[in-house]
There are 2 protein chains.
Amino acid sequence: MARASDTVRDLVEQDISRGKLRPGDLIDEKMLSERFQVSRTPAREAIMQLAATGLVQMRPRHGAVVSELSADEAIAMLETLACLESEAAALAAQRIRQDELEALIAVHRESEPIARDHDSKRYIECNARFHGILYAGARNTYIAELIRQTRSRLAYYHTSSLNQRSRVERSWSEHGNVVNAIEKGDPIEAQAAMRDHILSGGRVYADLVATMTHRKERKDIA
Amino acid sequence: MARASDTVRDLVEQDISRGKLRPGDLIDEKMLSERFQVSRTPAREAIMQLAATGLVQMRPRHGAVVSELSADEAIAMLETLACLESEAAALAAQRIRQDELEALIAVHRESEPIARDHDSKRYIECNARFHGILYAGARNTYIAELIRQTRSRLAYYHTSSLNQRSRVERSWSEHGNVVNAIEKGDPIEAQAAMRDHILSGGRVYADLVATMTHRKERKDIA
DNA sequence: CAAGTTCTATATGTATACGTAAGGAGGTAG
DNA sequence: CTACCTCCTTACGTATACATATAGAACTTG
């Protein structure tokens with residue numbers, strides 16, 4: 001049996017990445033303990049774990065909130081994500097197995113009509129599968145873990161961007177460029193294509209972040 | 001006043017990165033609580049925070065140990081570190097301020113005789129300052145944070161590699177290549193130079209890891 | 001004598017109790 | 001009426017108590 005704190009952590013992380021908890025929302029120890037029918041101890045431990053990865057912020061004696069991103073931070077994370085994802089794509093171009101490549105192509109084909117229909121909800125799911133296959137193909141679990149960590153912190157802003165109609169179609173065609181490069185086994189081209197893909201998606205929500213970030217002024221200690 | 005758990009976390013992290021606690025060593029809650037004169041609660045919370053970042057591993061009911069790396073994991077982390085460091089170098093080539101550049105050059109000059117003398121201890125310190133200036137120059141706190149995280153997990157193996165006589169001199173001359181590229185403001189060249197630097201250092205200790213990793217077979221649950 | 005089993009000691013996981021600081025409500029003074 | 005001060009409520013941080021699973025020792029049995 002796993003520990004209660006781990007279960008709570010995973011569920012809260014899900015809530016955050018699915019937008020049920022949004023940046024700035026308070027995470028109350030008592031609230032969590034009541035919701036999951038555990039005492040404050042595992043609830044608190046779950047929060048501490050999330051705080052250690054940066055997903056939530058704990059300020060002593062002031063409680064924990066889902067981390068908000070300043071525009072600068074969001075840009076920094078985007079740059080970094082582009083770096084990591086493009087490296088993963090480059091590695092995948094060299095290391096992906098035939099069956100994985102076929103799966104990648106299949107997902108890309110499946111998602112074509114979804115993208116044409118601007119079905120954001122389903123496209124987000126295809127997008128996750130697409131990238132997931134690439135991480136596996138890159139044969140580097142650590143870079144995959146860092147990407148996962150980074151994406152979970154950007155999740156709220158990211159899904160917002162994919163909910164824009166125009167973004168879905170562009171995303172799909174950018175995926176196509178990546179697929180072509182991987183098929184050719186060309187790491188340089190795969191890297192460039194993925195970098196463009198991430199940054200093109202990113203520019204869309206860099207603006208979102210900038211506008212969202214003022215939701216309420218904080219009394220941050222100087 | 002900060003929380004006790006944060007203090008304990010920082011001190012344990014120091015112990016790990018300085019080699020006082022080595023991969024595989026057990027981290028006992030009671031031991032920590034006695035050493036730092038606190039109760040088990042903050043000691044335990046410190047461990048959980050470290051576990052969340054991967055520096056230690058907690059297996060339920062089996063206690064926590066400083067994470068050991070398999071050869072595969074070490075290679076993956078090296079690849080990733082090379083990716084992050086080279087990106088930071090590329091960014092720094094574009095964004096570093098004049099005074100930072102001068103500081104970088106100064107550190108590099110200072111470390112020349114140290115490298116010539118194969119003074120590993122002092123070189124390690126110069127090396128940290130050198131890279132630290134680059135992170136600042138990259139103007140991306142998130143990538144710096146990921147690098148810090150990754151390096152702390154590789155610290156034990158890394159310092160081992162810099163303790164090899166020949167490595168110090170090569171490291172210094174590789175730093176020179178990076179400095180030249182940054183002075184020219186050439187991100188591509190800076191990226192390539194840094195990548196070579198990290199991977200060249202890495203190859204040295206990939207072997208170390210492979211030999212160290214068998215220190216004692218584990219009863220990992222299948 | 002060896003192998004397996006049981007028992008016990010210990011450490012982990014969870015709950016709860018206690019001290020304290022932060023924030024808000026209410027009252028008072030200017 | 002407003003501004004400030006005080007008191008009180010509440011939630012956080014830490015300590016401790018309790019439950020339980022695991023590891024190791026000792027004993028028994030084949």
# chains A, B, ... in the order shown; residues from 1 in each chain; ligands from 1

$ closest_atom_pairs --of "chain D" --to "segment 5-22 of chain C" --cutoff "10 Å" --atoms "only C-alpha atoms (C1' of nucleotides)" --output "Markdown table"
| residue | atom | partner | partner_atom | distance |
| --- | --- | --- | --- | --- |
| D:DT10 | C1' | C:DA22 | C1' | 9.2 |
| D:DA11 | C1' | C:DA22 | C1' | 8.9 |
| D:DC12 | C1' | C:DA21 | C1' | 8.4 |
| D:DG13 | C1' | C:DT20 | C1' | 8.6 |
| D:DT14 | C1' | C:DG19 | C1' | 8.5 |
| D:DA15 | C1' | C:DC18 | C1' | 8.0 |
| D:DT16 | C1' | C:DA17 | C1' | 7.8 |
| D:DA17 | C1' | C:DT16 | C1' | 7.7 |
| D:DC18 | C1' | C:DA15 | C1' | 7.7 |
| D:DA19 | C1' | C:DT14 | C1' | 8.0 |
| D:DT20 | C1' | C:DG13 | C1' | 8.3 |
| D:DA21 | C1' | C:DT12 | C1' | 8.2 |
| D:DT22 | C1' | C:DA11 | C1' | 8.6 |
| D:DA23 | C1' | C:DT10 | C1' | 8.7 |
| D:DG24 | C1' | C:DA9 | C1' | 8.8 |
| D:DA25 | C1' | C:DT8 | C1' | 8.4 |
| D:DA26 | C1' | C:DC7 | C1' | 8.4 |
| D:DC27 | C1' | C:DT6 | C1' | 8.3 |
| D:DT28 | C1' | C:DT5 | C1' | 8.1 |
| D:DT29 | C1' | C:DT5 | C1' | 9.7 |

$ write_last_selection --atoms "N, CA and C atoms (P, O5', C5', C4', C3', O3' and C1' of nucleotides)" --output "compact mmCIF listing (two decimals), in the first residue's frame"
# COMPACT_ATOMS: atom_id res chain seq x y z
P DT D 10 -13.12 30.20 14.46
O5' DT D 10 -12.00 29.94 13.37
C5' DT D 10 -11.55 31.04 12.57
C4' DT D 10 -10.14 30.78 12.07
C3' DT D 10 -9.80 29.31 11.79
O3' DT D 10 -9.17 29.23 10.53
C1' DT D 10 -8.13 30.26 13.12
P DA D 11 -9.29 27.86 9.67
O5' DA D 11 -7.84 27.71 9.06
C5' DA D 11 -7.15 28.87 8.61
C4' DA D 11 -5.68 28.74 8.91
C3' DA D 11 -5.08 27.37 8.59
O3' DA D 11 -3.85 27.56 7.93
C1' DA D 11 -4.57 27.96 10.80
P DC D 12 -3.14 26.36 7.13
O5' DC D 12 -1.64 26.52 7.59
C5' DC D 12 -1.09 27.83 7.66
C4' DC D 12 0.00 27.86 8.70
C3' DC D 12 1.04 26.75 8.55
O3' DC D 12 2.33 27.33 8.62
C1' DC D 12 0.22 26.81 10.77
P DG D 13 3.58 26.45 8.06
O5' DG D 13 4.27 25.99 9.43
C5' DG D 13 4.92 26.98 10.23
C4' DG D 13 5.44 26.34 11.48
C3' DG D 13 6.27 25.07 11.25
O3' DG D 13 7.46 25.16 12.03
C1' DG D 13 4.50 24.62 12.78
P DT D 14 8.55 24.01 11.99
O5' DT D 14 8.21 23.20 13.31
C5' DT D 14 8.24 23.88 14.56
C4' DT D 14 7.78 22.94 15.66
C3' DT D 14 8.51 21.60 15.73
O3' DT D 14 9.16 21.54 16.99
C1' DT D 14 6.16 21.32 15.94
P DA D 15 10.09 20.29 17.33
O5' DA D 15 9.11 19.48 18.29
C5' DA D 15 8.47 20.18 19.36
C4' DA D 15 7.48 19.28 20.07
C3' DA D 15 8.00 17.88 20.44
O3' DA D 15 7.70 17.62 21.80
C1' DA D 15 5.95 17.71 19.23
P DT D 16 8.36 16.35 22.49
O5' DT D 16 7.17 15.29 22.47
C5' DT D 16 5.89 15.71 22.95
C4' DT D 16 4.81 14.73 22.57
C3' DT D 16 5.13 13.25 22.83
O3' DT D 16 4.02 12.68 23.49
C1' DT D 16 4.26 13.51 20.68
P DA D 17 4.30 11.38 24.37
O5' DA D 17 2.98 10.56 24.00
C5' DA D 17 1.75 11.26 23.84
C4' DA D 17 0.83 10.48 22.92
C3' DA D 17 0.87 8.96 23.13
O3' DA D 17 -0.45 8.45 23.08
C1' DA D 17 1.33 9.46 20.87
P DC D 18 -0.71 6.99 23.64
O5' DC D 18 -1.14 6.18 22.33
C5' DC D 18 -2.11 6.75 21.45
C4' DC D 18 -2.03 6.09 20.10
C3' DC D 18 -1.93 4.55 20.13
O3' DC D 18 -2.97 4.03 19.32
C1' DC D 18 -0.37 5.46 18.61
P DA D 19 -3.26 2.47 19.34
O5' DA D 19 -2.96 2.06 17.83
C5' DA D 19 -3.56 2.82 16.77
C4' DA D 19 -3.02 2.34 15.43
C3' DA D 19 -2.95 0.82 15.26
O3' DA D 19 -3.35 0.49 13.94
C1' DA D 19 -0.79 1.76 14.95
P DT D 20 -3.56 -1.01 13.52
O5' DT D 20 -2.31 -1.32 12.61
C5' DT D 20 -1.93 -0.38 11.60
C4' DT D 20 -0.58 -0.76 11.02
C3' DT D 20 -0.34 -2.26 10.86
O3' DT D 20 0.31 -2.46 9.62
C1' DT D 20 1.43 -1.32 12.02
P DA D 21 -0.05 -3.71 8.70
O5' DA D 21 1.21 -3.82 7.74
C5' DA D 21 1.76 -2.63 7.21
C4' DA D 21 3.28 -2.67 7.29
C3' DA D 21 3.90 -4.01 6.87
O3' DA D 21 5.04 -3.75 6.09
C1' DA D 21 4.67 -3.42 9.01
P DT D 22 5.56 -4.88 5.10
O5' DT D 22 7.13 -4.86 5.37
C5' DT D 22 7.77 -3.60 5.64
C4' DT D 22 8.97 -3.81 6.52
C3' DT D 22 9.78 -5.07 6.20
O3' DT D 22 11.15 -4.72 6.12
C1' DT D 22 9.35 -4.96 8.51
P DA D 23 12.15 -5.61 5.24
O5' DA D 23 13.44 -5.70 6.16
C5' DA D 23 13.77 -4.59 6.99
C4' DA D 23 14.46 -5.07 8.24
C3' DA D 23 15.39 -6.27 8.04
O3' DA D 23 16.54 -6.10 8.85
C1' DA D 23 13.79 -6.78 9.69
P DG D 24 17.90 -6.84 8.47
O5' DG D 24 18.32 -7.48 9.86
C5' DG D 24 18.13 -6.71 11.05
C4' DG D 24 17.90 -7.63 12.23
C3' DG D 24 18.76 -8.91 12.21
O3' DG D 24 19.25 -9.14 13.51
C1' DG D 24 16.50 -9.47 12.48
P DA D 25 20.53 -10.10 13.71
O5' DA D 25 20.22 -10.73 15.14
C5' DA D 25 19.47 -9.98 16.09
C4' DA D 25 18.63 -10.91 16.95
C3' DA D 25 19.33 -12.23 17.30
O3' DA D 25 19.06 -12.57 18.64
C1' DA D 25 17.28 -12.69 16.21
P DA D 26 20.06 -13.51 19.43
O5' DA D 26 19.07 -14.61 20.02
C5' DA D 26 17.77 -14.21 20.44
C4' DA D 26 16.79 -15.34 20.25
C3' DA D 26 17.36 -16.73 20.56
O3' DA D 26 16.44 -17.44 21.39
C1' DA D 26 16.35 -16.74 18.45
P DC D 27 16.92 -18.69 22.20
O5' DC D 27 15.71 -19.70 21.96
C5' DC D 27 14.42 -19.17 21.64
C4' DC D 27 13.72 -20.08 20.66
C3' DC D 27 14.02 -21.58 20.87
O3' DC D 27 12.80 -22.30 20.92
C1' DC D 27 14.30 -21.01 18.61
P DT D 28 12.76 -23.73 21.67
O5' DT D 28 11.90 -24.56 20.63
C5' DT D 28 10.91 -23.89 19.84
C4' DT D 28 10.83 -24.52 18.46
C3' DT D 28 10.93 -26.06 18.44
O3' DT D 28 9.87 -26.59 17.67
C1' DT D 28 12.41 -25.13 16.87
P DT D 29 9.35 -28.04 17.95
O5' DT D 29 9.49 -28.71 16.51
C5' DT D 29 9.14 -27.93 15.34
C4' DT D 29 9.96 -28.41 14.14
C3' DT D 29 10.14 -29.94 14.06
O3' DT D 29 9.85 -30.37 12.74
C1' DT D 29 12.22 -28.88 13.81

$ residues_around --residues "Arg3 of chain B" --least-positions-apart "6" --cutoff "12 Å" --atoms "only C-alpha atoms (C1' of nucleotides)" --output "PyMOL selection string"
(chain A and resi 48+58-61) or (chain B and resi 9-10+38+41-43+45-46) or (chain D and resi 12-14)

$ atom_distance --atom1 "atom CA of Arg148 of chain A" --atom2 "atom CA of Glu87 of chain B"
18.8 Å

$ select_by_dssp --residues "chain B" --states "strand (DSSP E or B)" --output "ChimeraX atom specification"
/B:26-27,56-59,63-66

$ write_last_selection --atoms "C-alpha atoms" --output "short mmCIF file (atom, residue, chain, number, x, y, z; two decimals), in the first residue's frame"
data_model
loop_
_atom_site.label_atom_id
_atom_site.label_comp_id
_atom_site.auth_asym_id
_atom_site.auth_seq_id
_atom_site.Cartn_x
_atom_site.Cartn_y
_atom_site.Cartn_z
CA LEU B 26 20.46 5.55 4.70
CA ILE B 27 18.77 8.69 5.96
CA VAL B 56 16.77 10.89 -2.14
CA GLN B 57 14.53 7.93 -2.64
CA MET B 58 11.79 6.96 -0.23
CA ARG B 59 10.43 3.50 -0.44
CA GLY B 63 13.18 4.32 4.80
CA ALA B 64 15.02 6.82 2.64
CA VAL B 65 18.38 6.53 0.96
CA VAL B 66 20.47 8.95 -1.05
#

$ atom_distance --atom1 "atom CA of Gly202 of chain A" --atom2 "atom CA of Glu189 of chain A"
19.6 Å

$ atom_distance --atom1 "atom CA of Asp117 of chain A" --atom2 "atom CA of Gly19 of chain A"
23.4 Å

$ residues_around --residues "Ser166 of chain B" --least-positions-apart "2" --cutoff "12 Å" --atoms "only C-alpha atoms (C1' of nucleotides)" --output "list in words"
Ala115, Arg116, Asp117, His118, Asp119, Ser120, Ser161, Leu162, Asn163, Gln164, Val168, Glu169, Arg170, Ser171, Trp172, Ser173, Ser200, Gly201 and Val204 of chain B

$ decode --residues "segment 17-28 of chain C" --atoms "C-alpha atoms (C1' of nucleotides)" --output "compact mmCIF listing (two decimals), in the first residue's frame"
# COMPACT_ATOMS: atom_id res chain seq x y z
C1' DA C 17 -2.32 17.68 20.91
C1' DC C 18 -0.19 21.98 21.92
C1' DG C 19 2.06 26.55 21.31
C1' DT C 20 2.14 30.56 18.54
C1' DA C 21 1.70 33.89 14.97
C1' DA C 22 -1.19 36.12 11.48
C1' DG C 23 -5.45 38.27 10.26
C1' DG C 24 -9.89 39.98 11.08
C1' DA C 25 -13.71 41.79 13.97
C1' DG C 26 -15.12 44.91 17.14
C1' DG C 27 -14.52 48.70 19.98
C1' DT C 28 -12.63 53.12 21.26
